>>> print(open('entry.txt').read())   # compact mmCIF, C-alpha atoms
# COMPACT_ATOMS: atom_id res chain seq x y z
CA THR F 1 0.00 0.00 0.00
CA THR F 2 1.06 3.58 -0.59
CA CYS F 3 -0.20 6.98 0.54
CA PRO F 4 -2.47 7.33 -2.54
CA SER F 5 -4.04 3.94 -1.77
CA SER F 6 -4.30 3.82 2.03
CA THR F 7 -8.10 3.60 2.10
CA ILE F 8 -10.33 0.81 0.80
CA ARG F 9 -12.01 2.95 -1.83
CA LYS F 10 -8.73 4.37 -3.12
CA THR F 11 -7.26 0.88 -3.30
CA LEU F 12 -10.16 -0.55 -5.31
CA LEU F 13 -10.30 2.56 -7.47
CA SER F 14 -6.57 2.31 -8.18
CA ILE F 15 -6.88 -1.37 -9.16
CA SER F 16 -9.80 -0.58 -11.46
CA GLN F 17 -8.05 2.36 -13.11
CA GLN F 18 -4.86 0.39 -13.70
CA ILE F 19 -6.82 -2.46 -15.31
CA CYS F 20 -8.65 0.01 -17.54
CA LYS F 21 -5.40 1.66 -18.57
CA LEU F 22 -3.72 -1.68 -19.24
CA TYR F 23 -6.56 -3.10 -21.35
CA ASN F 24 -7.99 0.15 -22.73
CA LEU F 25 -11.31 -0.23 -20.91
CA SER F 26 -13.82 2.25 -19.55
CA MET F 27 -15.30 2.21 -16.06
CA ASP F 28 -17.72 4.00 -13.77
CA ILE F 29 -16.28 6.04 -10.91
CA CYS F 30 -18.45 4.46 -8.23
CA PRO F 31 -18.74 6.32 -4.92
CA ASP F 32 -19.42 3.13 -2.99
CA ILE F 33 -16.89 0.42 -2.08
CA LEU F 34 -19.28 -2.44 -2.78
CA GLN F 35 -20.11 -0.96 -6.18
CA LEU F 36 -16.42 -0.77 -7.05
CA ARG F 37 -15.93 -4.39 -6.01
CA HIS F 38 -19.01 -5.45 -7.98
CA GLN F 39 -17.74 -3.62 -11.07
CA LEU F 40 -14.42 -5.44 -10.82
CA GLU F 41 -16.04 -8.85 -10.42
CA THR F 42 -18.79 -8.54 -13.01
CA THR F 43 -17.28 -6.25 -15.64
CA LEU F 44 -13.57 -5.46 -15.60
CA PHE F 45 -12.22 -8.91 -14.73
CA LEU F 46 -14.36 -10.50 -17.42
CA LYS F 47 -12.98 -8.20 -20.11
CA ILE F 48 -9.42 -9.39 -19.66
CA PRO F 49 -8.53 -11.58 -22.67
CA GLU F 50 -8.69 -15.28 -21.85
CA ASN F 51 -5.22 -15.84 -23.29
CA GLU F 52 -3.68 -13.34 -20.87
CA TYR F 53 -3.09 -13.52 -17.13
CA LEU F 54 -3.52 -10.76 -14.57
CA ILE F 55 -2.00 -10.95 -11.09
CA ILE F 56 -3.17 -8.40 -8.51
CA LEU F 57 -0.68 -8.00 -5.67
CA LEU F 58 -1.92 -6.23 -2.54
CA ASP F 59 1.10 -5.94 -0.28
CA SER F 60 0.81 -5.12 3.45
CA ILE F 61 -2.94 -4.65 3.69
CA ASP F 62 -2.36 -4.30 7.44
CA GLN F 63 -1.23 -0.75 6.57
CA LEU F 64 -4.69 0.15 5.29
CA GLU F 65 -7.15 1.92 7.54
CA THR F 66 -8.61 -0.27 10.27
CA ASP F 67 -12.03 -0.52 8.60
CA ALA F 68 -10.30 -2.63 5.92
CA TYR F 69 -9.30 -5.34 8.38
CA ASP F 70 -12.50 -7.35 7.90
CA CYS F 71 -11.39 -7.96 4.27
CA GLN F 72 -14.99 -7.90 3.04
CA TRP F 73 -14.00 -5.33 0.42
CA LEU F 74 -11.77 -7.83 -1.37
CA PRO F 75 -13.17 -9.28 -4.61
CA LYS F 76 -14.30 -12.87 -4.10
CA PHE F 77 -15.00 -13.98 -7.67
CA PHE F 78 -12.18 -14.20 -10.19
CA PRO F 79 -11.97 -15.67 -13.69
CA LYS F 80 -9.40 -18.44 -14.10
CA ASN F 81 -6.89 -16.03 -15.63
CA VAL F 82 -7.01 -13.52 -12.76
CA LYS F 83 -5.27 -14.16 -9.45
CA CYS F 84 -5.03 -12.02 -6.32
CA ILE F 85 -2.13 -12.21 -3.85
CA VAL F 86 -2.52 -10.52 -0.47
CA SER F 87 0.13 -10.05 2.21
CA THR F 88 -0.33 -9.04 5.83
CA LEU F 89 1.31 -9.34 9.20
CA PRO F 90 -0.09 -12.57 10.71
CA ASP F 91 -1.03 -11.14 14.11
CA HIS F 92 -2.38 -7.73 13.13
CA GLY F 93 -6.03 -6.75 13.59
CA ASP F 94 -7.43 -10.27 12.99
CA ILE F 95 -6.75 -9.80 9.26
CA LEU F 96 -5.41 -13.32 8.80
CA SER F 97 -8.41 -14.81 10.60
CA ASN F 98 -10.75 -12.85 8.35
CA LEU F 99 -8.90 -13.99 5.24
CA LYS F 100 -9.22 -17.59 6.41
CA ILE F 101 -12.98 -17.11 6.68
CA ILE F 102 -13.11 -15.81 3.10
CA ILE F 103 -11.26 -18.85 1.71
CA ASN F 104 -13.26 -21.25 3.93
CA TYR F 105 -10.13 -22.40 5.71
CA ASP F 106 -10.75 -25.44 7.90
CA PRO F 107 -7.76 -26.63 10.00
CA LEU F 108 -9.34 -30.10 10.16
CA SER F 109 -9.61 -30.34 6.39
CA ILE F 110 -6.93 -28.22 4.77
CA GLU F 111 -6.35 -30.18 1.57
CA ASN F 112 -8.14 -27.60 -0.58
CA THR F 113 -6.85 -24.45 1.11
CA GLN F 114 -3.37 -25.14 2.49
CA ASN F 115 -1.77 -24.01 -0.78
CA LEU F 116 -3.53 -20.63 -0.45
CA LEU F 117 -1.65 -19.61 2.70
CA VAL F 118 2.11 -19.08 2.59
CA LEU F 119 4.02 -18.13 5.72
CA VAL F 120 6.90 -15.75 5.07
CA VAL F 121 9.41 -16.89 7.65
CA PRO F 122 11.72 -14.43 9.41
CA PHE F 123 15.26 -13.98 8.12
CA GLU F 124 18.07 -15.51 10.14
CA ALA F 125 20.72 -13.12 11.41
CA SER F 126 23.23 -14.28 8.79
CA THR F 127 20.75 -13.57 5.98
CA VAL F 128 20.03 -10.13 7.42
CA ASP F 129 23.75 -9.33 7.31
CA ILE F 130 24.00 -10.34 3.66
CA VAL F 131 20.93 -8.38 2.55
CA PHE F 132 21.81 -5.28 4.56
CA ASN F 133 25.37 -5.25 3.28
CA ASN F 134 24.18 -5.55 -0.33
CA TRP F 135 21.66 -2.73 0.12
CA LEU F 136 24.20 -0.50 1.82
CA GLN F 137 26.83 -1.17 -0.83
CA MET F 138 24.38 0.05 -3.45
CA LYS F 139 23.99 3.25 -1.45
CA GLN F 140 27.73 3.40 -0.73
CA ARG F 141 27.16 3.33 3.00
CA SER F 142 28.36 1.23 5.90
CA PHE F 143 26.42 -0.09 8.86
CA ILE F 144 27.21 -0.84 12.49
CA ARG F 145 25.40 -3.99 13.59
CA GLN F 146 24.45 -2.47 16.94
CA LEU F 147 20.73 -2.29 16.10
CA MET F 148 20.38 -5.96 15.24
CA GLU F 149 22.68 -7.58 17.75
CA VAL F 150 19.91 -8.77 20.10
CA ARG F 151 17.70 -10.26 17.38
CA THR F 152 18.15 -13.81 16.14
CA GLU F 153 15.53 -13.59 13.38
CA ILE F 154 13.88 -10.67 11.61
CA LEU F 155 10.81 -10.32 9.40
CA PRO F 156 11.59 -8.94 5.92
CA LEU F 157 9.19 -5.99 6.36
CA PHE F 158 10.81 -5.03 9.66
CA MET F 159 14.25 -5.21 8.07
CA LYS F 160 13.17 -2.97 5.18
CA LEU F 161 11.70 -0.39 7.54
CA ILE F 162 14.88 -0.33 9.63
CA PHE F 163 16.87 0.11 6.45
CA ASP F 164 14.65 3.03 5.40
CA ILE F 165 15.35 4.65 8.77
CA ILE F 166 19.13 4.23 8.79
CA SER F 167 19.41 5.25 5.13
CA THR F 168 18.62 8.82 6.18
CA TRP F 169 21.51 8.99 8.64
CA HIS F 170 24.63 11.05 8.15
CA SER F 171 28.07 9.97 9.30
CA TYR F 172 27.99 12.58 12.05
CA ASP F 173 24.59 11.48 13.43
CA SER F 174 24.48 9.61 16.72
CA ILE F 175 22.30 6.51 17.00
CA ASP F 176 18.88 7.34 18.40
CA ASP F 177 18.43 5.25 21.56
CA GLN F 178 14.74 4.92 20.70
CA LEU F 179 15.69 2.68 17.77
CA LYS F 180 16.78 0.02 20.24
CA THR F 181 13.15 -0.27 21.37
CA LEU F 182 11.86 -1.12 17.88
CA TYR F 183 11.04 -4.81 17.74
CA HIS F 184 8.12 -4.98 15.31
CA ALA F 185 7.08 -3.43 12.00
CA ASP F 186 4.38 -1.39 13.76
CA ASP F 187 7.04 0.10 16.05
CA CYS F 188 9.04 1.20 13.01
CA ILE F 189 6.01 2.73 11.31
CA ARG F 190 5.13 4.72 14.43
CA TYR F 191 8.74 5.87 14.68
CA LEU F 192 8.74 7.05 11.05
CA PHE F 193 5.47 8.92 11.53
CA ASN F 194 6.84 10.60 14.67
CA GLN F 195 9.93 11.68 12.74
CA LEU F 196 7.75 13.18 10.02
CA GLN F 197 5.73 15.09 12.62
CA LYS F 198 8.92 16.55 14.08
CA LYS F 199 9.87 17.91 10.65
CA THR F 200 6.52 19.66 10.10
>>> encode(input="entry.txt", output="structure tokens")
Amino acid sequence: TTCPSSTIRKTLLSISQQICKLYNLSMDICPDILQLRHQLETTLFLKIPENEYLIILLDSIDQLETDAYDCQWLPKFFPKNVKCIVSTLPDHGDILSNLKIIINYDPLSIENTQNLLVLVVPFEASTVDIVFNNWLQMKQRSFIRQLMEVRTEILPLFMKLIFDIISTWHSYDSIDDQLKTLYHADDCIRYLFNQLQKKT
């Protein structure tokens, strides 16, 4: 998700507009979320050529507004050539539980749904070192491992947010002690927002 698509309506509208631009289609600018979803399911998806495939990737839907957490705004009917991939933090706002309801997930009978859920495992410390070093080399920067020394495994999203934070540092900046209290992606996001507020 990005700032222009942080609400449900803006997200669905953005998906619809991108599909229309890609396939030269027209659409109605519906004021209602359910109307936008209905238009996707009954009109836009069906106009995608059968010999082409469309993949819709909705990354980090946990960063949408809280009224999106029930996931009822997500399209539920897709043609065979349209797939939707959604990512979220597993323990944030009951989003994962709501997604399981949508796909009729049954832990006692998971044969038909187990392939729909993929757990993104945390990075081991050695992997974090490799990725961080590669990123920093591209930016011609170096990094002191002090921030990560107490963590044995790190989620990719958390690592990216930490990298975004330290990428703004100058060589003469001292390490903010508050960074040592960041253990989750939500902590990093709150930290970034607080830094933005200080600049305004």
>>> closest_atom_pairs(input="entry.txt", of="region 16-101 of chain F", to="region 172-188 of chain F", cutoff="12 Å", atoms="only C-alpha atoms", output="JSON lines")
{"residue": "F:Ser60", "atom": "CA", "partner": "F:Ala185", "partner_atom": "CA", "distance": 10.7}
{"residue": "F:Asp62", "atom": "CA", "partner": "F:Asp186", "partner_atom": "CA", "distance": 9.7}
{"residue": "F:Gln63", "atom": "CA", "partner": "F:Asp186", "partner_atom": "CA", "distance": 9.1}
{"residue": "F:Thr88", "atom": "CA", "partner": "F:Ala185", "partner_atom": "CA", "distance": 11.2}
{"residue": "F:Leu89", "atom": "CA", "partner": "F:Ala185", "partner_atom": "CA", "distance": 8.7}
{"residue": "F:Pro90", "atom": "CA", "partner": "F:Ala185", "partner_atom": "CA", "distance": 11.7}
{"residue": "F:Asp91", "atom": "CA", "partner": "F:His184", "partner_atom": "CA", "distance": 11.1}
{"residue": "F:His92", "atom": "CA", "partner": "F:Asp186", "partner_atom": "CA", "distance": 9.3}
{"residue": "F:Gly93", "atom": "CA", "partner": "F:Asp186", "partner_atom": "CA", "distance": 11.7}
>>> closest_residue(input="entry.txt", among="F:Ile8, F:Leu22, F:Leu54, F:Val131", to="Leu36 (chain F)", atoms="only C-alpha atoms")
F:Ile8
>>> closest_residue(input="entry.txt", among="F:Cys84, F:Met138, F:Leu74, F:Cys20", to="Leu116 (chain F)", atoms="only C-alpha atoms")
F:Cys84
>>> atom_distance(input="entry.txt", atom1="CA of Lys76 (chain F)", atom2="CA of Asn98 (chain F)")
12.9 Å
>>> closest_residue(input="entry.txt", among="F:Ala125, F:Leu12, F:Ile85, F:Cys71", to="Leu99 (chain F)", atoms="all atoms listed in the file")
F:Cys71
>>> closest_residue(input="entry.txt", among="F:Thr127, F:Ser26, F:Thr7, F:Gln72", to="Ile102 (chain F)", atoms="all atoms listed in the file")
F:Gln72
>>> atom_distance(input="entry.txt", atom1="CA of Lys83 (chain F)", atom2="CA of Glu65 (chain F)")
23.5 Å
>>> atom_distance(input="entry.txt", atom1="CA of Lys10 (chain F)", atom2="CA of Ile33 (chain F)")
9.1 Å
>>> closest_residue(input="entry.txt", among="F:Arg190, F:Ile103, F:Leu25, F:Leu96", to="Leu119 (chain F)", atoms="all atoms listed in the file")
F:Leu96
>>> residues_around(input="entry.txt", residues="Ile19 (chain F)", least_positions_apart="4", cutoff="9 Å", atoms="all atoms listed in the file", output="PyMOL selection string")
chain F and resi 14-15+23-25+44-45+48+54
>>> closest_residue(input="entry.txt", among="F:Ile189, F:Leu136, F:Leu157, F:Leu108", to="Ser87 (chain F)", atoms="all atoms listed in the file")
F:Leu157
>>> residues_around(input="entry.txt", residues="Leu46 (chain F)", least_positions_apart="5", cutoff="9 Å", atoms="all atoms listed in the file", output="list in words")
Leu40, Glu41, Phe78 and Pro79 of chain F
